[in-house]
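See structure below.
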Amino acid sequence: MHIVEEKVADILIESVKFDRATINESALLKENINRGIEKGFIKIIIDLSACEYMDSTFLGVLVSALKTVSRQGGDVKLVGFKPQVHAMFELTRMFRVFQVYSDLPNAIQSFSKNN
Amino acid sequence: MTTKKSNKKLVVKSTTENLSLVRDFVKETTSAAGLSEVDVRKVTLAVDEACTNIIKHAYKYSPNGNITIHITVDNEKISVKIVDDGGHFNPNLVPEPDLLKLQKERKGGGLGMFLMKKLMDSVTYTNLTGNRNQVVLVKFRS
């Protein structure tokens with residue numbers, strides 16, 4: 001279970017490398033994101049393309065991160081929904097809150113378009 | 001269909017590490033019962049959310065509690081009964097989340113019970129004797 005962290009210019013990218021994104025993994029992502037925000041990163045991309053499964057606690061961490069950075073003019077964008085993760089976002093209607101991209105380059109590019 | 005009624009039970013301690021055991025148990029049992037892949041996923045997530053709620057709210061992350069999961073399968077439905085002894089719980093005190101408000105305010109909490117109700121055909125909470133709670137999740141065969 002690990003998360004690969006990458007910084008591209010002023011964008012923080014967290015690539016989640018586990019297939020089950022649950023309450024057990026949520027603390028690790030939360031720590032990484034909070035550390036990034038403390039360092040001034042408010043443009044964040046979470047790559048979920050390895051995730052086959054997500055529970056509501058993990059989803060809550062994503063929503064909380066979005067709330068924090070959007071207050072500061074930032075955004076959290078998501079990459080790579082597998083069907084079951086997509087279903088979770090549809091059921092909770094959270095797909096209306098997040099911008100979702102099929103791949104990382106498009107997500108990175110979207111931040112420069114917004115500037 | 002000639003499926004006979006069958007029962008399976010799993011007892012785990014109230015740790016989040018045990019949730020993967022719970023998910024595997026539910027997945028294996030409901031798959032063997034012939035539920036569709038989509039319904040297997042729905043039941044698995046609903047039970048996962050129910051057990052997460054028990055660990056968080058009933059046992060407040062104490063690892064010493066027991067969570068007992070009974071799965072009953074018959075021709076008509078899959079029924080999952082989950083019992084804990086973490087103190088009585090009143091589901092009526094948990095407000096139904098306003099999804100539009102959650103989206104607007106970007107809040108992610110309180111979605112577990114909402115998901116359980118969306119994923120299953122019925123969700124019934126009962127306070128048992130002692131400090132025990134029971135929740136029964138039912139999925140009818142489609």
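In the structure tokens, chains take the letters A, B, ... in the order shown, each chain's residues start at 1, and ligands count up from 1 in the order shown.
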*Per DSSP on the backbone, what are the helix (DSSP H, G or I) residues of chain B, as a PyMOL selection string?*
chain B and resi 16-32+37-58+91-93+99-105+111-119
*Among chain A, which ones does DSSP place in strand (DSSP E or B), written as a PyMOL selection string?*
chain A and resi 3-8+11-16+20-21+43-47+53-54+75-79+99-101
*Provide as a PyMOL selection string the residues of chain A at most 8 Å from chain B, counting only C-alpha atoms.*
chain A and resi 23-24+55-57+59-64+66-67+91-94+96-97
Output of the above residues as a compact mmCIF listing (two decimals), in the first residue's frame, restricted to N, CA, C and O atoms:
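For reference, again.txt as written:
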# COMPACT_ATOMS: atom_id res chain seq x y z
N ILE A 23 -11.14 3.04 4.44
CA ILE A 23 -10.82 3.75 5.68
C ILE A 23 -9.36 3.52 6.09
O ILE A 23 -8.72 4.41 6.63
N ASN A 24 -8.83 2.33 5.79
CA ASN A 24 -7.45 2.03 6.17
C ASN A 24 -6.43 2.86 5.40
O ASN A 24 -5.38 3.19 5.92
N ASP A 55 -14.52 3.26 -0.49
CA ASP A 55 -15.61 3.39 0.49
C ASP A 55 -15.87 4.87 0.79
O ASP A 55 -15.18 5.76 0.29
N SER A 56 -16.89 5.11 1.61
CA SER A 56 -17.32 6.50 1.81
C SER A 56 -16.31 7.29 2.66
O SER A 56 -16.26 8.51 2.55
N THR A 57 -15.52 6.60 3.48
CA THR A 57 -14.51 7.32 4.28
C THR A 57 -13.43 7.90 3.37
O THR A 57 -13.01 9.04 3.53
N LEU A 59 -13.76 8.54 0.18
CA LEU A 59 -14.42 9.59 -0.59
C LEU A 59 -14.48 10.88 0.23
O LEU A 59 -14.25 11.98 -0.28
N GLY A 60 -14.74 10.72 1.52
CA GLY A 60 -14.81 11.88 2.42
C GLY A 60 -13.50 12.65 2.46
O GLY A 60 -13.51 13.89 2.56
N VAL A 61 -12.38 11.95 2.39
CA VAL A 61 -11.07 12.62 2.39
C VAL A 61 -10.91 13.47 1.12
O VAL A 61 -10.41 14.60 1.16
N LEU A 62 -11.37 12.93 -0.01
CA LEU A 62 -11.27 13.69 -1.27
C LEU A 62 -12.13 14.96 -1.19
O LEU A 62 -11.70 16.04 -1.60
N VAL A 63 -13.34 14.79 -0.65
CA VAL A 63 -14.26 15.94 -0.57
C VAL A 63 -13.70 17.00 0.39
O VAL A 63 -13.74 18.19 0.10
N SER A 64 -13.15 16.53 1.50
CA SER A 64 -12.60 17.45 2.49
C SER A 64 -11.42 18.24 1.90
O SER A 64 -11.27 19.44 2.12
N LEU A 66 -10.93 18.90 -1.25
CA LEU A 66 -11.48 19.86 -2.23
C LEU A 66 -12.01 21.09 -1.52
O LEU A 66 -11.78 22.23 -1.95
N LYS A 67 -12.70 20.86 -0.42
CA LYS A 67 -13.26 21.98 0.33
C LYS A 67 -12.15 22.91 0.82
O LYS A 67 -12.25 24.13 0.71
N LEU A 91 -23.60 7.35 -7.37
CA LEU A 91 -24.57 7.13 -6.29
C LEU A 91 -24.64 8.32 -5.34
O LEU A 91 -25.72 8.71 -4.90
N THR A 92 -23.49 8.89 -5.04
CA THR A 92 -23.43 9.99 -4.08
C THR A 92 -23.49 11.36 -4.78
O THR A 92 -23.44 12.38 -4.12
N ARG A 93 -23.58 11.31 -6.10
CA ARG A 93 -23.64 12.51 -6.95
C ARG A 93 -22.41 13.40 -6.79
O ARG A 93 -22.46 14.59 -7.08
N MET A 94 -21.33 12.83 -6.32
CA MET A 94 -20.11 13.62 -6.13
C MET A 94 -19.38 13.89 -7.45
O MET A 94 -18.44 14.66 -7.48
N ARG A 96 -20.54 15.49 -9.64
CA ARG A 96 -20.88 16.88 -9.99
C ARG A 96 -19.94 17.87 -9.32
O ARG A 96 -19.90 19.04 -9.68
N VAL A 97 -19.24 17.41 -8.31
CA VAL A 97 -18.39 18.29 -7.52
C VAL A 97 -16.95 18.30 -8.06
O VAL A 97 -16.28 19.32 -8.05
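Taking atom CA of Thr68 of chain B and atom CA of Leu10 of chain B as endpoints, the distance between them is 5.8 Å.
Of the residues under consideration (A:Val76, A:Met54, A:Ile44, A:Ala65), A:Ala65 shows the shortest atom-to-atom contact distance to Lys30 of chain A when counting only C-alpha atoms.
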_Counting only C-alpha atoms, which residue out of B:Met120, B:Val26, B:Val136, B:Val43 sits closest to Val83 of chain B?_
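The shortest atom-to-atom distance to Val83 of chain B comes from B:Val136.
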_With only C-alpha atoms as the counted atoms, please give the residues lying no more than 12 Å from His88 of chain B, apart from itself and same-chain residues fewer than 6 positions off, as a PyMOL selection string._
chain B and resi 54+57-59+125-135
_Using only C-alpha atoms for the distances, tell me which of B:Arg23, B:Lys139, B:Lys77, B:Lys5 is nearest to Ala50 of chain B._
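Answer, going by the shortest atom-to-atom distance: B:Arg23.
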*asked:* as a list in words, please: the residues near Cys51 of chain A (cut-off 9 Å, only C-alpha atoms, same-chain neighbours under 5 positions excluded).
replied: Val16, Lys17, Phe18, Asp19, Arg20, Ala21, Gly80, Phe81, Lys82, Gln84 and Val85 of chain A
*Of the candidates B:Val12, B:Val138, B:Val123, B:Val47, which shows the shortest atom-to-atom distance to Pro63 of chain B, using only C-alpha atoms?*
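Among the listed residues, B:Val12 lies closest to Pro63 of chain B.
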